[in-house]
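Dumped my_file-v6.txt below, it's compact mmCIF, C-alpha atoms:
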```txt
# COMPACT_ATOMS: atom_id res chain seq x y z
CA MET U 324 -14.95 -5.20 -14.10
CA HIS U 325 -16.60 -5.57 -10.70
CA VAL U 326 -18.64 -2.78 -9.13
CA GLY U 327 -19.55 -2.64 -5.45
CA SER U 328 -20.76 -0.10 -2.94
CA PHE U 329 -18.68 1.61 -0.26
CA VAL U 330 -20.64 2.02 2.98
CA LEU U 331 -19.52 4.42 5.70
CA ALA U 332 -22.71 4.52 7.79
CA ALA U 333 -22.23 8.28 7.69
CA GLN U 334 -24.13 10.37 10.21
CA PHE U 335 -25.39 13.49 8.47
CA PRO U 336 -26.38 16.62 10.43
CA GLY U 337 -29.72 16.17 12.17
CA GLN U 338 -29.59 12.39 11.98
CA GLY U 339 -29.25 9.84 14.75
CA GLN U 340 -26.64 7.12 14.80
CA GLY U 341 -29.29 4.42 14.49
CA GLU U 342 -30.60 6.09 11.36
CA ALA U 343 -27.13 6.08 9.83
CA LEU U 344 -26.62 2.39 10.62
CA HIS U 345 -30.05 1.44 9.30
CA ARG U 346 -29.28 3.19 6.02
CA ALA U 347 -25.98 1.33 5.82
CA VAL U 348 -27.63 -2.06 6.28
CA ARG U 349 -30.44 -1.31 3.85
CA SER U 350 -28.07 -0.02 1.18
CA ALA U 351 -26.10 -3.26 1.41
CA GLU U 352 -29.22 -5.39 1.12
CA VAL U 353 -30.36 -3.39 -1.90
CA ALA U 354 -26.88 -3.74 -3.43
CA GLU U 355 -27.37 -7.50 -3.58
CA GLU U 356 -30.86 -7.10 -5.05
CA ALA U 357 -29.52 -4.68 -7.66
CA GLY U 358 -26.81 -7.06 -8.86
CA LEU U 359 -23.72 -5.33 -7.48
CA ASP U 360 -20.67 -7.50 -6.90
CA ALA U 361 -19.64 -6.39 -3.42
CA VAL U 362 -20.25 -4.23 -0.38
CA TRP U 363 -17.23 -2.65 1.30
CA LEU U 364 -17.65 -1.47 4.90
CA ALA U 365 -15.72 1.34 6.55
CA GLU U 366 -14.68 1.47 10.20
CA HIS U 367 -14.34 4.57 12.40
CA HIS U 368 -14.18 5.26 16.12
CA PHE U 369 -15.68 8.11 18.12
CA VAL U 370 -16.65 10.29 15.12
CA PRO U 371 -19.89 10.81 13.15
CA TYR U 372 -17.94 10.58 9.87
CA GLY U 373 -18.78 6.88 10.13
CA THR U 374 -20.84 5.26 12.87
CA CYS U 375 -19.62 1.67 12.32
CA PRO U 376 -16.86 0.93 14.88
CA SER U 377 -16.32 -2.66 13.72
CA ALA U 378 -16.45 -3.35 10.01
CA ILE U 379 -15.95 -7.07 10.54
CA THR U 380 -18.95 -7.25 12.89
CA LEU U 381 -21.19 -5.47 10.40
CA ALA U 382 -19.80 -7.76 7.69
CA ALA U 383 -20.94 -10.77 9.72
CA LEU U 384 -24.46 -9.37 9.92
CA LEU U 385 -24.61 -8.66 6.19
CA LEU U 386 -23.15 -12.04 5.21
CA GLY U 387 -25.98 -13.59 7.19
CA ARG U 388 -28.58 -11.45 5.46
CA THR U 389 -27.31 -12.03 1.92
CA ARG U 390 -26.66 -15.05 -0.26
CA ARG U 391 -24.58 -13.95 -3.24
CA ILE U 392 -22.76 -10.66 -2.79
CA ARG U 393 -19.18 -10.38 -1.52
CA VAL U 394 -18.78 -8.41 1.72
CA GLY U 395 -15.49 -6.77 2.64
CA THR U 396 -14.00 -4.41 5.20
CA ALA U 397 -12.61 -1.11 3.91
CA VAL U 398 -10.93 -1.15 6.22
CA SER U 399 -10.39 -2.91 9.52
CA VAL U 400 -7.91 -0.66 11.34
CA LEU U 401 -5.03 -3.00 12.13
CA PRO U 402 -3.09 -0.94 14.72
CA THR U 403 -6.09 -0.95 17.09
CA VAL U 404 -6.61 -4.74 17.15
CA HIS U 405 -4.57 -7.87 17.72
CA PRO U 406 -3.91 -9.39 14.29
CA VAL U 407 -4.61 -12.92 15.54
CA ALA U 408 -8.02 -11.88 16.90
CA LEU U 409 -8.84 -10.24 13.56
CA GLY U 410 -7.50 -13.27 11.70
CA GLU U 411 -9.72 -15.63 13.68
CA GLN U 412 -12.77 -13.51 12.88
CA ALA U 413 -11.84 -13.32 9.20
CA ALA U 414 -11.31 -17.09 9.00
CA LEU U 415 -14.68 -17.68 10.64
CA LEU U 416 -16.49 -15.45 8.15
CA HIS U 417 -14.59 -16.92 5.21
CA MET U 418 -15.55 -20.46 6.13
CA THR U 419 -19.16 -19.87 7.13
CA SER U 420 -19.99 -17.66 4.13
CA GLY U 421 -18.64 -19.95 1.45
CA GLY U 422 -15.71 -17.66 0.72
CA ARG U 423 -17.68 -14.42 0.27
CA PHE U 424 -15.64 -12.36 2.74
CA SER U 425 -12.75 -10.01 1.91
CA LEU U 426 -10.55 -8.51 4.61
CA GLY U 427 -9.37 -5.00 3.88
CA VAL U 428 -6.87 -3.59 6.38
CA GLY U 429 -5.18 -0.25 6.87
CA ARG U 430 -3.06 1.82 9.25
CA GLY U 431 -5.80 4.28 10.14
CA GLY U 432 -4.53 7.57 11.52
CA PRO U 433 -2.77 9.06 14.54
CA TRP U 434 -6.09 9.35 16.34
CA VAL U 435 -7.13 9.02 19.96
CA ASP U 436 -8.21 5.47 19.11
CA LEU U 437 -4.60 4.43 19.77
CA GLU U 438 -4.88 5.72 23.33
CA VAL U 439 -8.30 4.23 24.01
CA PHE U 440 -7.37 0.75 22.79
CA GLY U 441 -3.95 0.87 24.42
CA SER U 442 -1.91 0.13 21.33
CA GLY U 443 -0.07 3.46 21.35
CA LEU U 444 1.40 5.64 18.64
CA GLN U 445 4.15 3.12 17.85
CA ALA U 446 1.56 0.69 16.52
CA TYR U 447 0.54 3.29 13.96
CA GLU U 448 3.95 4.72 13.11
CA LYS U 449 6.10 1.55 13.01
CA GLY U 450 4.06 -1.52 13.84
CA PHE U 451 1.87 -1.97 10.75
CA PRO U 452 4.23 -4.29 8.78
CA GLU U 453 4.65 -6.65 11.73
CA SER U 454 0.88 -6.76 12.32
CA LEU U 455 0.16 -7.32 8.63
CA ASP U 456 2.65 -10.17 8.33
CA LEU U 457 1.29 -11.90 11.42
CA LEU U 458 -2.26 -11.55 10.13
CA VAL U 459 -1.42 -13.00 6.71
CA ARG U 460 0.48 -15.90 8.28
CA TRP U 461 -2.53 -16.66 10.45
CA LEU U 462 -4.76 -16.84 7.38
CA ARG U 463 -2.39 -19.03 5.37
CA GLU U 464 -0.56 -21.40 7.78
CA PRO U 465 -1.74 -24.31 9.97
CA SER U 466 0.03 -23.04 13.10
CA VAL U 467 1.65 -19.74 14.03
CA GLY U 468 4.06 -18.37 16.62
CA ALA U 469 5.53 -14.88 16.93
CA ALA U 470 8.82 -13.37 18.05
CA GLY U 471 8.51 -9.77 16.90
CA GLU U 472 8.87 -6.42 18.63
CA ARG U 473 5.17 -6.10 19.42
CA PHE U 474 3.86 -9.67 19.38
CA ARG U 475 5.56 -12.62 21.08
CA PHE U 476 3.88 -15.96 21.75
CA ARG U 477 4.51 -19.70 21.46
CA GLU U 478 3.31 -21.57 18.38
CA VAL U 479 -0.39 -22.35 18.47
CA PRO U 480 -2.73 -24.11 16.02
CA VAL U 481 -4.92 -21.99 13.74
CA VAL U 482 -8.56 -22.83 14.51
CA PRO U 483 -10.60 -22.60 12.37
CA ARG U 484 -8.07 -23.00 9.58
CA PRO U 485 -9.17 -21.20 6.38
CA SER U 486 -7.26 -23.61 4.13
CA GLU U 487 -9.72 -26.35 5.09
CA ALA U 488 -12.68 -24.39 3.72
CA LEU U 489 -14.34 -25.81 0.62
CA THR U 490 -13.91 -22.60 -1.36
CA GLU U 491 -11.86 -21.53 -4.35
CA ALA U 492 -9.41 -19.62 -2.16
CA ALA U 493 -7.22 -21.13 0.55
CA GLY U 494 -8.23 -18.26 2.81
CA PRO U 495 -9.94 -14.87 2.71
CA GLU U 496 -8.28 -12.34 0.44
CA VAL U 497 -6.42 -9.54 2.16
CA VAL U 498 -6.52 -6.07 0.62
CA VAL U 499 -4.30 -3.23 1.90
CA ALA U 500 -5.37 0.42 1.93
CA CYS U 501 -2.57 2.39 0.28
CA THR U 502 -2.14 6.15 0.45
CA SER U 503 1.64 6.53 0.09
CA PRO U 504 4.55 4.97 -1.82
CA ALA U 505 5.62 3.23 1.38
CA SER U 506 2.29 1.45 1.78
CA VAL U 507 2.25 0.58 -1.94
CA ARG U 508 5.67 -1.06 -1.59
CA LEU U 509 4.55 -2.89 1.53
CA ALA U 510 1.53 -4.39 -0.24
CA ALA U 511 3.47 -5.17 -3.42
CA GLU U 512 6.26 -7.06 -1.67
CA ARG U 513 3.63 -9.32 -0.14
CA GLY U 514 1.61 -9.61 -3.35
CA LEU U 515 -1.49 -8.13 -1.72
CA PRO U 516 -3.91 -6.03 -3.78
CA MET U 517 -4.45 -2.38 -2.91
CA LEU U 518 -7.48 -0.34 -1.91
CA LEU U 519 -6.98 3.15 -3.37
CA GLY U 520 -8.74 6.14 -1.81
CA MET U 521 -11.49 8.24 -3.29
CA HIS U 522 -9.52 11.45 -2.72
CA VAL U 523 -7.14 10.78 -5.64
CA GLY U 524 -7.82 10.69 -9.38
CA ASP U 525 -6.93 8.37 -12.22
CA GLU U 526 -3.42 9.72 -12.81
CA GLU U 527 -2.25 9.19 -9.24
CA LYS U 528 -3.95 5.79 -9.03
CA ALA U 529 -2.25 4.73 -12.27
CA GLU U 530 1.11 5.75 -10.79
CA MET U 531 0.42 3.72 -7.65
CA VAL U 532 -0.55 0.65 -9.69
CA ALA U 533 2.62 1.03 -11.78
CA LEU U 534 4.75 1.29 -8.63
CA TRP U 535 2.99 -1.76 -7.16
CA ARG U 536 3.75 -3.77 -10.30
CA ARG U 537 7.42 -2.81 -10.30
CA GLN U 538 7.83 -3.69 -6.64
CA ALA U 539 5.86 -6.93 -6.95
CA ARG U 540 8.01 -8.07 -9.88
CA ALA U 541 11.16 -7.19 -7.94
CA ALA U 542 9.86 -9.27 -5.03
CA GLY U 543 9.59 -12.29 -7.29
CA HIS U 544 5.85 -12.51 -7.87
CA THR U 545 4.77 -14.13 -11.13
CA PRO U 546 3.78 -11.99 -14.16
CA GLU U 547 0.26 -13.44 -13.95
CA LYS U 548 -0.12 -12.36 -10.33
CA VAL U 549 1.37 -8.95 -11.00
CA LEU U 550 -0.87 -8.11 -13.97
CA GLY U 551 -3.97 -9.79 -12.55
CA ALA U 552 -3.89 -8.25 -9.08
CA PRO U 553 -7.49 -7.31 -8.17
CA HIS U 554 -6.94 -3.79 -6.86
CA VAL U 555 -9.94 -1.81 -5.62
CA SER U 556 -10.65 1.85 -6.38
CA ALA U 557 -12.85 3.78 -3.95
CA GLY U 558 -15.03 6.54 -5.34
CA VAL U 559 -18.36 8.30 -5.17
CA CYS U 560 -21.41 7.53 -7.30
CA GLN U 561 -24.52 9.69 -7.51
CA LEU U 562 -26.93 9.20 -10.39
CA ALA U 563 -29.56 11.51 -11.85
CA ASP U 564 -31.13 12.24 -15.22
CA ARG U 565 -28.99 15.39 -15.40
CA ARG U 566 -25.45 15.76 -14.11
CA THR U 567 -26.27 19.09 -12.50
CA ASP U 568 -28.94 17.39 -10.37
CA ALA U 569 -26.52 14.69 -9.21
CA VAL U 570 -23.88 17.26 -8.28
CA GLU U 571 -26.45 19.42 -6.51
CA ALA U 572 -27.61 16.49 -4.37
CA LEU U 573 -24.07 15.91 -3.11
CA VAL U 574 -23.11 19.57 -2.70
CA LYS U 575 -26.21 20.10 -0.57
CA ALA U 576 -25.62 17.15 1.74
CA MET U 577 -21.97 16.14 1.90
CA PRO U 578 -20.26 19.31 3.17
CA GLY U 579 -22.28 19.31 6.39
CA TRP U 580 -21.42 15.68 7.03
CA LEU U 581 -17.74 16.20 6.16
CA ARG U 582 -17.51 19.31 8.34
CA GLN U 583 -18.83 17.64 11.48
CA GLY U 584 -17.39 14.21 10.72
CA LEU U 585 -13.82 15.08 9.82
CA GLY U 586 -13.76 17.89 12.35
CA ALA U 587 -14.43 15.42 15.17
CA HIS U 588 -11.13 13.54 14.73
CA VAL U 589 -8.76 14.05 17.67
CA THR U 590 -5.05 13.28 17.36
CA VAL U 591 -3.52 11.10 20.05
CA ASP U 592 -0.49 13.33 20.59
CA GLY U 593 -1.94 16.77 19.95
CA ARG U 594 -0.22 17.16 16.56
CA ALA U 595 -1.70 19.82 14.30
CA ARG U 596 -3.79 18.63 11.39
CA GLN U 597 -5.32 20.40 8.43
CA MET U 598 -8.91 19.67 7.45
CA ARG U 599 -10.05 19.82 3.83
CA ASP U 600 -12.55 22.49 2.90
CA PRO U 601 -15.81 20.47 2.84
CA VAL U 602 -17.36 22.22 -0.17
CA ALA U 603 -14.17 22.13 -2.24
CA TYR U 604 -13.65 18.47 -1.35
CA THR U 605 -17.21 17.59 -2.39
CA GLU U 606 -16.74 19.38 -5.70
CA LEU U 607 -13.43 17.55 -6.20
CA LEU U 608 -15.12 14.20 -5.67
CA CYS U 609 -17.88 15.11 -8.11
CA GLY U 610 -15.25 15.83 -10.72
CA LEU U 611 -13.23 12.66 -10.16
CA HIS U 612 -15.95 10.05 -9.96
CA PRO U 613 -19.16 8.77 -11.62
CA VAL U 614 -21.49 11.58 -10.61
CA GLY U 615 -24.11 12.37 -13.23
CA THR U 616 -26.19 10.40 -15.71
CA PRO U 617 -25.96 6.59 -15.85
CA ARG U 618 -24.25 6.80 -19.23
CA LEU U 619 -21.66 9.25 -17.89
CA ALA U 620 -21.11 7.01 -14.87
CA ALA U 621 -20.50 3.95 -17.04
CA ASP U 622 -18.11 5.84 -19.29
CA ARG U 623 -16.18 7.23 -16.32
CA LEU U 624 -15.83 3.83 -14.66
CA ALA U 625 -14.65 2.26 -17.91
CA ALA U 626 -12.15 5.08 -18.46
CA THR U 627 -10.77 4.79 -14.92
CA SER U 628 -10.34 1.05 -15.31
CA GLU U 629 -8.54 1.48 -18.62
CA ARG U 630 -6.24 4.25 -17.35
CA THR U 631 -5.34 2.65 -14.03
CA GLY U 632 -5.59 -1.09 -14.53
CA VAL U 633 -7.97 -1.33 -11.56
CA SER U 634 -10.66 -3.95 -11.99
CA ARG U 635 -12.84 -3.39 -8.92
CA PHE U 636 -14.72 -0.37 -7.60
CA ALA U 637 -16.13 0.52 -4.19
CA LEU U 638 -18.52 3.42 -4.72
CA LEU U 639 -19.93 5.61 -1.95
CA VAL U 640 -23.67 5.63 -2.69
CA GLU U 641 -25.02 7.34 0.45
CA GLY U 642 -23.77 10.84 -0.34
CA SER U 643 -27.28 12.32 -0.36
CA GLY U 644 -27.72 11.29 3.28
CA ASP U 645 -31.27 10.13 2.59
CA LEU U 646 -32.39 6.50 2.83
CA ALA U 647 -34.89 6.53 -0.03
CA ALA U 648 -32.50 8.43 -2.30
CA THR U 649 -29.67 6.03 -1.41
CA GLU U 650 -31.79 2.99 -2.26
CA GLU U 651 -32.80 4.56 -5.58
CA ASN U 652 -29.16 5.40 -6.30
CA VAL U 653 -28.10 1.79 -5.75
CA ARG U 654 -30.95 0.40 -7.84
CA ARG U 655 -30.10 2.73 -10.72
CA LEU U 656 -26.45 1.76 -10.46
CA GLY U 657 -27.43 -1.86 -10.92
CA ALA U 658 -30.09 -1.38 -13.58
CA GLU U 659 -28.71 1.49 -15.66
CA VAL U 660 -24.92 1.46 -15.25
CA LEU U 661 -23.82 -2.17 -14.87
CA PRO U 662 -25.31 -3.28 -18.22
CA HIS U 663 -22.91 -0.88 -20.00
CA LEU U 664 -19.84 -2.39 -18.33
CA THR U 665 -18.04 -5.61 -19.16
```
Reformat the file's structure so that it appears as structure tokens.
Amino acid sequence: MHVGSFVLAAQFPGQGQGEALHRAVRSAEVAEEAGLDAVWLAEHHFVPYGTCPSAITLAALLLGRTRRIRVGTAVSVLPTVHPVALGEQAALLHMTSGGRFSLGVGRGGPWVDLEVFGSGLQAYEKGFPESLDLLVRWLREPSVGAAGERFRFREVPVVPRPSEALTEAAGPEVVVACTSPASVRLAAERGLPMLLGMHVGDEEKAEMVALWRRQARAAGHTPEKVLGAPHVSAGVCQLADRRTDAVEALVKAMPGWLRQGLGAHVTVDGRARQMRDPVAYTELLCGLHPVGTPRLAADRLAATSERTGVSRFALLVEGSGDLAATEENVRRLGAEVLPHLT
């Protein structure tokens, strides 16, 4: 089992954006010191829900500041970027970090981002498979050309080419954020591991893993690859000597952040959207994830892994909104939870 942190660079009420980014960087540095396996970085545009607009840029900074820990994006929003540009950046980080970079990608949402970056609603609604395939080809082949609906260009050499890196992997791993059966099937057909959201519990995640395995087998992937796929489960972790104290810390801080952060999303086409109740959502997360004593957290992580078949975790550790409390949370995760896990 591999446990990492999930960093949103969340801007809580009353905080500045620089404060949120500083807490994100510090929590990642402390994650390496505490013995965590990875740091996963979120990406958002124009909203205080997350103040990092480029997960791959922040990943570059953190790879330079660390020596051991894996750094991944969770996720780079593929419809808003050219897949070759993202592929070049990913290859660069893979090669210069000794293979410590993971590229997580996702569709994002029907947000105004699509208008600002000029990709349009079609890139979100229909263009994700084409973008994903082009990206993966760029990370696996020596030269690439395209003749799709969205991308058309003559064959060009891949420079730098990830397969030349002196690492265990031929190129950076690609993980796909999956929130629907369609995205699960998309990832499975390509043999790419999934990133599963923190808004769903063990039962739904187990169903998604089972669907992924069925589709991957049908696509011809080997039994070893199917059963050993390193899926990632996102969650929330808040530790305290008493569970009530851990829950209280999140219920005090997270609803305000969720209310202003999620409420700031603007759809590109004016479609209606329904926002979760911030308090109810916080309470749901506390019930689904390792929130409580270190022993409870270890037991819950082990149980989730057993029920779902997921081997990696990306845990939101900044839910208190406070830098000192976040650092303590990460240190306790490393010192008091990891020793109980295999």
Near Gly615 of chain U, within 8 Å and counting all atoms listed in the file, which residues show up once chain neighbours fewer than 4 positions away are dropped, as an mmCIF file with C-alpha atoms, in the coordinates of the input?
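Dumped to part21.cif:
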```
data_model
loop_
_atom_site.group_PDB
_atom_site.id
_atom_site.type_symbol
_atom_site.label_atom_id
_atom_site.label_comp_id
_atom_site.auth_asym_id
_atom_site.auth_seq_id
_atom_site.Cartn_x
_atom_site.Cartn_y
_atom_site.Cartn_z
ATOM 1 C CA GLN U 561 -24.520 9.690 -7.510
ATOM 2 C CA LEU U 562 -26.930 9.200 -10.390
ATOM 3 C CA ALA U 563 -29.560 11.510 -11.850
ATOM 4 C CA ASP U 564 -31.130 12.240 -15.220
ATOM 5 C CA ARG U 565 -28.990 15.390 -15.400
ATOM 6 C CA ARG U 566 -25.450 15.760 -14.110
ATOM 7 C CA THR U 567 -26.270 19.090 -12.500
ATOM 8 C CA ASP U 568 -28.940 17.390 -10.370
ATOM 9 C CA ALA U 569 -26.520 14.690 -9.210
ATOM 10 C CA VAL U 570 -23.880 17.260 -8.280
ATOM 11 C CA LEU U 619 -21.660 9.250 -17.890
ATOM 12 C CA ALA U 620 -21.110 7.010 -14.870
#
```
**OP:** Using only C-alpha atoms, determine which residues lie at most 8 Å from Pro336 of chain U, disregarding the query and same-chain residues fewer than 2 positions distant; provide the list as a list in words.
**Re:**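 Here the answer would be Gln334, Gln338, Gly579, Trp580 and Gln583 of chain U.
Using only C-alpha atoms, the smallest distance between any of U:Pro504, U:Gly468, U:Pro483, U:Gly657 and His417 of chain U comes from U:Pro483.
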With all atoms of segment 343-346 of chain U from the file as input, state the centre and edge lengths in Å to one decimal of the axis-aligned box that has 6 Å extra on each side, as JSON.
```
{"center_x": -28.3, "center_y": 3.8, "center_z": 8.3, "size_x": 15.4, "size_y": 16.6, "size_z": 16.6}
```
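Distance check against Ala343 of chain U using all atoms listed in the file: of U:Ala500, U:Cys375, U:Ala361, U:Leu384, the minimum falls on U:Cys375.
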Original post:
Which one of U:Gly358, U:Gly520, U:Pro371, U:Pro376 sits closest to Gly337 of chain U if you count all atoms listed in the file?
Top reply: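 Under the stated criterion, the closest residue is U:Pro371.
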Determine, using only C-alpha atoms, which residues of segment 435-519 of chain U have any atom at most 12 Å from an atom of segment 593-601 of chain U, and tabulate each with its shortest atom pair and distance in Å to one decimal place, rows ordered by chain and then rising number, as JSON lines.
```
{"residue": "U:Val435", "atom": "CA", "partner": "U:Gly593", "partner_atom": "CA", "distance": 9.3}
{"residue": "U:Glu438", "atom": "CA", "partner": "U:Gly593", "partner_atom": "CA", "distance": 11.9}
{"residue": "U:Leu444", "atom": "CA", "partner": "U:Gly593", "partner_atom": "CA", "distance": 11.7}
```
